Structure formats: C-alpha cells, structure tokens
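A.B. asks: Below are the structure tokens for one structure; questions will follow.
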Amino acid sequence: MDSSSSVMSRLRQFDAYPKTLEDFRVKTFSGAAVTLVSGILMLTLFLSELNFYLTTEVQPELFVDVMREKKLKINVDVTFPKVACSFLTIDAMDVSGEQQIDVAANLFKTRLDINGKQVTDEPPAVQTVGSDKKETNDPLEKPLDPNRCESCYGAENAVMKCCNTCADVREAYRKKGWAFTSPESIIQCSREGYAEKIQLEKKEGCRLYGYLLVNKVAGNFHFAPGKSFQQSHVHVHDLQSLAGVKFNMSHTIYKLSFGEEYPGLVNPLESDVIVSEEESLMYQYFVKIVPTTYVKANGNTVYTNQYSVTKHKKKVTTTFGGAGEHGLPGVFVQYELSPMMVKYTEKRRSFLHFLTGVCAIIGGVFTVAGLIDSFIYHSSRAIQKKIELGKAN
C-alpha cells in the first residue's frame, strides 16, 4: 500500500491542471457573460470547422491534352420565338472537312405559338409537309396509289428515283445542289398545301434541343433559316422558297455546353436572352473550349469541357446591294479547343486536420476568454479599491 501511495503521489506531481478549493473561487457577473459569449463563439467556430471538414476539397491541375480521339458532345436547348421550325436548319462543320448538313439525329424541334406555348395540333385544313394526302370533301377525288412513283423534276438519283411528297422533292433538290424556287409548280407541294403552310407558320416560334456529336477539332455549327445544301463545295442556304419571310433571330439559350456536367461547372451562355426588334441579324459566338477532367471522391471520372465566349452581332442582307453586309441571318457558334487540359480532383479532408482545428478553436477561445475575464475582474477590483479609498479620505 505504501509503494502504491508513493507512486500515486509522484504521479500527482505531473498534474498540469491543479485545482483550487471551491471556497476560494469567486464567481462574477462579468465572468458569466464572458463564458456565455465564448461558448457561443466556440460552438459557431466548431460548426464552421465541421462543415469545412465534410465538404470535399477540389484540387486543380494543368496538363497537355492528349485525348484527341474522343468525340465532342455539344448539348443545345435554344428557343427562337419568331422563327418557325420548318424554316430552321442546323448544320455543323469542322476544319477536318467533315460536314453535317441539316442535322436531324439526336436533335428535336418543338413548334411554339405566338405566346411561346407548344403547338400540338396541325393548322386546320392543311396537311403536314411530307404526308401523302390531304383532307378533302370531294367524293370524286381518287385516293393516291401507295405504289406510285412520282417525278423528282430532274433531281432523281440512284438512291432516290421517286418523289411522292413535297419533302422528297426538296430533299432530292438539296442532294442535287439545286435551289427550291417554285413550290407552286410542284404537284406534290401544291397537293399538300406547302405554300399555305408557310404562310400559317410565319408567326410561329421554335424550340431546338438535343445534342450534336462532332470531331474534337475546331469547327462551327449554326442555326439558320432555309434548306441547306452543298453547291460547288460551297455551303448554301436556300431562301428563295421562303421569299417574303422576315427573319427575326431573337433567341433564348437555355443550354449550351460541351460534354457532361460536373459540380461547380458554369456555362456562360446559358440563360442568355437575346431580344431584338431588328430583322436579318447575324449573331456570332466565338467559343474557346478548355478540355476538363473531373475526378470524384469515389474514383469516377467525368471527361467534359468548360469554355469562355466572345459575342458579336451584325446586320446582314441576303441580296447583293441591300442594306448591311452580305450574309445569312442566324446564330453561329464558332469553337476552338485549347491544347491544355484542366484536371479537378475531389479529395476528402483529413480527420486529424479537423481534430487539430477543433482543439485550436476550443483552446484558443478558452484562453482568450480567460484573459479577458481576468482583465475585467482585476480592473473592477482596482477601481473598487480606489473608490473605497476616496470615501475613506
């Protein structure tokens, strides 16, 4: 027992926190106020440190991009409130020479009325372009032969030998590189009410959404009116069949991104609303794309892109000698890719770092609060003594 008591006595010598008797402790109002304030401060700083610990740390790195074999996915969702869907064409081309004319795969069009709401029904008494017959009350009119082979008006080719609809004739003309100038002289278009449909759709709008897959090289894509085709290695839009239509290219970009989304990604063109009462304007967006890799904390990797953009617009005319620079109204996006790649890596914060921060917060606040309380206590004691001495004199 003596040896154990001796050991315990020696261990007490290492106590860095000696205790005072309860009878010698003085509790004051100022000490209670300092304790309350310091407790609230410690709790606030602890919650801030805990929130910091629970959030992932994102570390950026810069590399040379060597992943040129991948395709570039361009996500689009754009609304044109004053241009009908049947007037708009989407084309993409790049410096490698690849061209995607009148892109339809993975892209969708939604017709909008003058109030911006989706048009679900076709205009009455007019058939959709591309149908084989239109409604009629004439009992003497014979139904069309489903096995017929109507003329393409000289635009026949090895693949398309028959043009049974107005859309077939337009497509044959496009492949031939011809302008579709006189729809009223085309029997198929006259039968389907093509000219009447154009007149009815003049006040409609259009929403285009979906995505494009292009080569990972510099290029451009555009939304412009008129059927597009190649003629003598020149990209041409046929506006002659839309004579008299005024093109107001006001638009709203709900989405324009290159690749997949990742946390914290900002696409500067999204939510852009461009409204103009002026017609025949060309809107140009010069985009600089930076390939980006985002590695999540669970090990999953997202290969995507971020970009910066410069905007420009100008007045154009489709006829020589008209007011403004000769060109095509529409929205043109020209993009280039940076040779550098940014890599973001998510990392969990160290628990030991969190523990060290918590200890520093509690110890630091406790020590400072003690100094403040001691200063207040001794100051008040000194003042009180001076007051008592003054009264005694």
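Residues are named by chain letter and number: chains run A, B, ... in the order of the structure tokens, numbers start at 1 in each chain, and ligands are numbered from 1 in the order shown.
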Counting only C-alpha atoms, which residues in segment 196-252 of chain A sit no more than 9 Å from segment 100-103 of chain A? For each one, give the nearest pair of atoms and the distance in Å, sorted by chain then residue number, as CSV.

C.D. replies:
```
residue,atom,partner,partner_atom,distance
A:Leu212,CA,A:Val103,CA,8.2
A:Val214,CA,A:Gln100,CA,8.8
A:Lys227,CA,A:Asp102,CA,7.4
A:Ser228,CA,A:Asp102,CA,6.4
A:Phe229,CA,A:Ile101,CA,6.8
A:Gln230,CA,A:Ile101,CA,8.5
```

A.B. asks: Generate a file of the selected residues that holds C-alpha atoms, formatted as a tab-separated table (two decimals), in the first residue's frame.

C.D. replies:
```tsv
chain	number	residue	atom	x	y	z
A	212	LEU	CA	-24.50	17.05	-81.67
A	214	VAL	CA	-18.57	16.28	-83.75
A	227	LYS	CA	-32.78	24.37	-96.52
A	228	SER	CA	-29.01	23.85	-96.61
A	229	PHE	CA	-27.01	22.01	-99.26
A	230	GLN	CA	-23.58	21.90	-100.89
```

A.B. asks: Excluding same-chain residues fewer than 6 positions from Ile362 of chain A, what lies within 10 Å of it counting only C-alpha atoms, as a PDB file with all heavy atoms, in the first residue's frame?

C.D. replies:
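Just written: part-v1.pdb:
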```
ATOM      1  N   SER A  38     -18.179  33.325 -25.042  1.00  0.00           N
ATOM      2  CA  SER A  38     -17.142  32.424 -25.544  1.00  0.00           C
ATOM      3  C   SER A  38     -17.715  31.062 -25.920  1.00  0.00           C
ATOM      4  O   SER A  38     -17.271  30.427 -26.876  1.00  0.00           O
ATOM      5  CB  SER A  38     -16.038  32.255 -24.498  1.00  0.00           C
ATOM      6  OG  SER A  38     -16.558  31.683 -23.309  1.00  0.00           O
ATOM      7  N   GLY A  39     -18.731  30.602 -25.177  1.00  0.00           N
ATOM      8  CA  GLY A  39     -19.372  29.324 -25.516  1.00  0.00           C
ATOM      9  C   GLY A  39     -20.072  29.386 -26.868  1.00  0.00           C
ATOM     10  O   GLY A  39     -19.974  28.469 -27.691  1.00  0.00           O
ATOM     11  N   LEU A  41     -19.345  31.469 -29.253  1.00  0.00           N
ATOM     12  CA  LEU A  41     -18.298  31.604 -30.276  1.00  0.00           C
ATOM     13  C   LEU A  41     -17.642  30.262 -30.583  1.00  0.00           C
ATOM     14  O   LEU A  41     -17.404  29.933 -31.741  1.00  0.00           O
ATOM     15  CB  LEU A  41     -17.257  32.619 -29.790  1.00  0.00           C
ATOM     16  CG  LEU A  41     -16.111  32.932 -30.762  1.00  0.00           C
ATOM     17  CD1 LEU A  41     -16.663  33.497 -32.066  1.00  0.00           C
ATOM     18  CD2 LEU A  41     -15.117  33.906 -30.134  1.00  0.00           C
ATOM     19  N   MET A  42     -17.375  29.463 -29.543  1.00  0.00           N
ATOM     20  CA  MET A  42     -16.779  28.141 -29.762  1.00  0.00           C
ATOM     21  C   MET A  42     -17.706  27.238 -30.561  1.00  0.00           C
ATOM     22  O   MET A  42     -17.270  26.503 -31.446  1.00  0.00           O
ATOM     23  CB  MET A  42     -16.428  27.501 -28.419  1.00  0.00           C
ATOM     24  CG  MET A  42     -15.130  27.980 -27.811  1.00  0.00           C
ATOM     25  SD  MET A  42     -14.601  27.001 -26.393  1.00  0.00           S
ATOM     26  CE  MET A  42     -15.711  27.627 -25.156  1.00  0.00           C
ATOM     27  N   LEU A  43     -19.010  27.283 -30.247  1.00  0.00           N
ATOM     28  CA  LEU A  43     -19.978  26.461 -30.978  1.00  0.00           C
ATOM     29  C   LEU A  43     -20.056  26.866 -32.442  1.00  0.00           C
ATOM     30  O   LEU A  43     -20.076  26.014 -33.347  1.00  0.00           O
ATOM     31  CB  LEU A  43     -21.352  26.580 -30.319  1.00  0.00           C
ATOM     32  CG  LEU A  43     -22.485  25.784 -30.981  1.00  0.00           C
ATOM     33  CD1 LEU A  43     -22.168  24.289 -30.951  1.00  0.00           C
ATOM     34  CD2 LEU A  43     -23.825  26.075 -30.323  1.00  0.00           C
ATOM     35  N   LEU A  45     -17.718  28.433 -34.261  1.00  0.00           N
ATOM     36  CA  LEU A  45     -16.484  28.061 -34.948  1.00  0.00           C
ATOM     37  C   LEU A  45     -16.381  26.550 -35.143  1.00  0.00           C
ATOM     38  O   LEU A  45     -15.860  26.074 -36.155  1.00  0.00           O
ATOM     39  CB  LEU A  45     -15.279  28.581 -34.161  1.00  0.00           C
ATOM     40  CG  LEU A  45     -15.132  30.111 -34.107  1.00  0.00           C
ATOM     41  CD1 LEU A  45     -13.947  30.489 -33.240  1.00  0.00           C
ATOM     42  CD2 LEU A  45     -14.969  30.685 -35.504  1.00  0.00           C
ATOM     43  N   PHE A  46     -16.901  25.783 -34.175  1.00  0.00           N
ATOM     44  CA  PHE A  46     -16.895  24.322 -34.312  1.00  0.00           C
ATOM     45  C   PHE A  46     -17.762  23.875 -35.480  1.00  0.00           C
ATOM     46  O   PHE A  46     -17.368  23.016 -36.281  1.00  0.00           O
ATOM     47  CB  PHE A  46     -17.376  23.673 -33.018  1.00  0.00           C
ATOM     48  CG  PHE A  46     -17.621  22.193 -33.144  1.00  0.00           C
ATOM     49  CD1 PHE A  46     -16.552  21.290 -33.168  1.00  0.00           C
ATOM     50  CD2 PHE A  46     -18.910  21.698 -33.285  1.00  0.00           C
ATOM     51  CE1 PHE A  46     -16.780  19.932 -33.302  1.00  0.00           C
ATOM     52  CE2 PHE A  46     -19.143  20.341 -33.426  1.00  0.00           C
ATOM     53  CZ  PHE A  46     -18.070  19.458 -33.433  1.00  0.00           C
TER      54      PHE A  46
END
```

A.B. asks: Per DSSP on the backbone, what are the alpha helix (DSSP H) residues of segment 99-228 of chain A, as a PyMOL selection string?

C.D. replies: chain A and resi 166-176+187-192+194-200

A.B. asks: Give me the residues within 8 Å of segment 25-35 of chain A as an mmCIF file with C-alpha atoms, in the first residue's frame, counting only C-alpha atoms and dropping any in the same chain fewer than 6 places off.

C.D. replies:
```cif
data_model
loop_
_atom_site.group_PDB
_atom_site.id
_atom_site.type_symbol
_atom_site.label_atom_id
_atom_site.label_comp_id
_atom_site.auth_asym_id
_atom_site.auth_seq_id
_atom_site.Cartn_x
_atom_site.Cartn_y
_atom_site.Cartn_z
ATOM 1 C CA ALA A 369 -11.776 34.364 -22.743
ATOM 2 C CA ILE A 372 -10.467 38.910 -20.886
ATOM 3 C CA ASP A 373 -12.258 37.725 -17.740
ATOM 4 C CA ILE A 376 -12.204 42.663 -16.328
ATOM 5 C CA TYR A 377 -12.082 41.169 -12.814
#
```

A.B. asks: What's the separation between atom CA of Val368 of chain A and atom CA of Val37 of chain A, in Å to one decimal place?

C.D. replies: 11.7 Å

A.B. asks: Residues within 10 Å of segment 262-278 of chain A, please, as a PyMOL selection string. Count only C-alpha atoms; anything in the same chain fewer than 6 positions from it doesn't count.

C.D. replies: chain A and resi 76-81+246-256+285+287+292-296+301-311+315

A.B. asks: So what do you get for atom CA of Glu192 of chain A versus atom CA of Asn164 of chain A, distance-wise?

C.D. replies: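 That distance, rounded to one decimal, is 10.9 Å.
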
A.B. asks: Using DSSP on the backbone, list every residue of segment 176-359 of chain A that comes out as strand (DSSP E or B), and give them as a PyMOL selection string.

C.D. replies: chain A and resi 205-214+219-225+227-231+234-238+251-259+272-274+281-295+301-317+325-326+330-337+340-347

A.B. asks: Need to verify the contact set: Ser280 of chain A, 12 Å, only C-alpha atoms, exclusion of same-chain residues closer than 6 positions in sequence. Can you return it as a count of residues only?

C.D. replies: 27

A.B. asks: How many Å lie between atom CA of Gln188 of chain A and atom CA of Phe87 of chain A, rounded to one decimal?

C.D. replies: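 That distance, rounded to one decimal, is 18.8 Å.
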
A.B. asks: Excluding Lys71 of chain A and any residue of its chain fewer than 4 positions from it, enumerate the residues within 8 Å of it, using only C-alpha atoms, and give them as a ChimeraX atom specification.

C.D. replies: /A:213-216

A.B. asks: Go ahead and save the picked residues with N, CA and C atoms, as an mmCIF file, in the first residue's frame.

C.D. replies:
```
data_model
loop_
_atom_site.group_PDB
_atom_site.id
_atom_site.type_symbol
_atom_site.label_atom_id
_atom_site.label_comp_id
_atom_site.auth_asym_id
_atom_site.auth_seq_id
_atom_site.Cartn_x
_atom_site.Cartn_y
_atom_site.Cartn_z
ATOM 1 N N LEU A 213 -22.797 15.382 -82.105
ATOM 2 C CA LEU A 213 -21.523 14.698 -81.910
ATOM 3 C C LEU A 213 -20.598 15.108 -83.048
ATOM 4 N N VAL A 214 -19.489 15.778 -82.729
ATOM 5 C CA VAL A 214 -18.571 16.276 -83.746
ATOM 6 C C VAL A 214 -17.151 15.834 -83.408
ATOM 7 N N ASN A 215 -16.256 15.990 -84.369
ATOM 8 C CA ASN A 215 -14.852 15.679 -84.126
ATOM 9 C C ASN A 215 -14.260 16.680 -83.135
ATOM 10 N N LYS A 216 -13.275 16.228 -82.390
ATOM 11 C CA LYS A 216 -12.659 17.081 -81.376
ATOM 12 C C LYS A 216 -11.591 17.962 -82.012
#
```

A.B. asks: Would you kindly return, as a VMD selection string, each protein, DNA or RNA residue with an atom no farther than 7 Å from any atom of segment 155-162 of chain A, considering only C-alpha atoms and excluding same-chain residues fewer than 5 positions away?

C.D. replies: chain A and resid 149 to 150 172 to 173 176

A.B. asks: Given the selection you just returned, output its residues as a file containing all heavy atoms, formatted as a tab-separated table (two decimals), in the first residue's frame.

C.D. replies:
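Dumped to result08.tsv:
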```tsv
chain	number	residue	atom	x	y	z
A	149	CYS	N	-44.99	6.24	-108.33
A	149	CYS	CA	-43.63	6.76	-108.40
A	149	CYS	C	-43.71	8.09	-109.14
A	149	CYS	O	-43.70	8.14	-110.38
A	149	CYS	CB	-42.70	5.78	-109.13
A	149	CYS	SG	-40.98	6.35	-109.22
A	150	GLU	N	-43.76	9.15	-108.34
A	150	GLU	CA	-43.92	10.47	-108.94
A	150	GLU	C	-42.57	11.09	-109.27
A	150	GLU	O	-41.53	10.69	-108.76
A	150	GLU	CB	-44.72	11.37	-108.00
A	150	GLU	CG	-46.14	10.88	-107.77
A	150	GLU	CD	-46.98	11.85	-106.99
A	150	GLU	OE1	-47.30	12.94	-107.53
A	150	GLU	OE2	-47.31	11.57	-105.82
A	172	ALA	N	-34.45	15.78	-102.73
A	172	ALA	CA	-33.78	15.49	-103.99
A	172	ALA	C	-33.09	16.73	-104.54
A	172	ALA	O	-31.96	16.66	-105.04
A	172	ALA	CB	-34.80	14.94	-105.00
A	173	TYR	N	-33.75	17.87	-104.45
A	173	TYR	CA	-33.15	19.13	-104.88
A	173	TYR	C	-31.90	19.43	-104.05
A	173	TYR	O	-30.88	19.89	-104.57
A	173	TYR	CB	-34.16	20.26	-104.76
A	173	TYR	CG	-35.03	20.47	-105.99
A	173	TYR	CD1	-35.67	19.39	-106.60
A	173	TYR	CD2	-35.22	21.73	-106.54
A	173	TYR	CE1	-36.46	19.56	-107.71
A	173	TYR	CE2	-36.03	21.92	-107.67
A	173	TYR	CZ	-36.64	20.82	-108.24
A	173	TYR	OH	-37.42	21.00	-109.36
A	176	LYS	N	-29.01	17.37	-104.99
A	176	LYS	CA	-28.54	17.77	-106.33
A	176	LYS	C	-27.83	19.11	-106.28
A	176	LYS	O	-27.11	19.48	-107.23
A	176	LYS	CB	-29.74	17.83	-107.29
A	176	LYS	CG	-29.39	17.65	-108.75
A	176	LYS	CD	-29.09	16.20	-109.09
A	176	LYS	CE	-28.91	16.01	-110.58
A	176	LYS	NZ	-28.61	14.60	-110.92
```
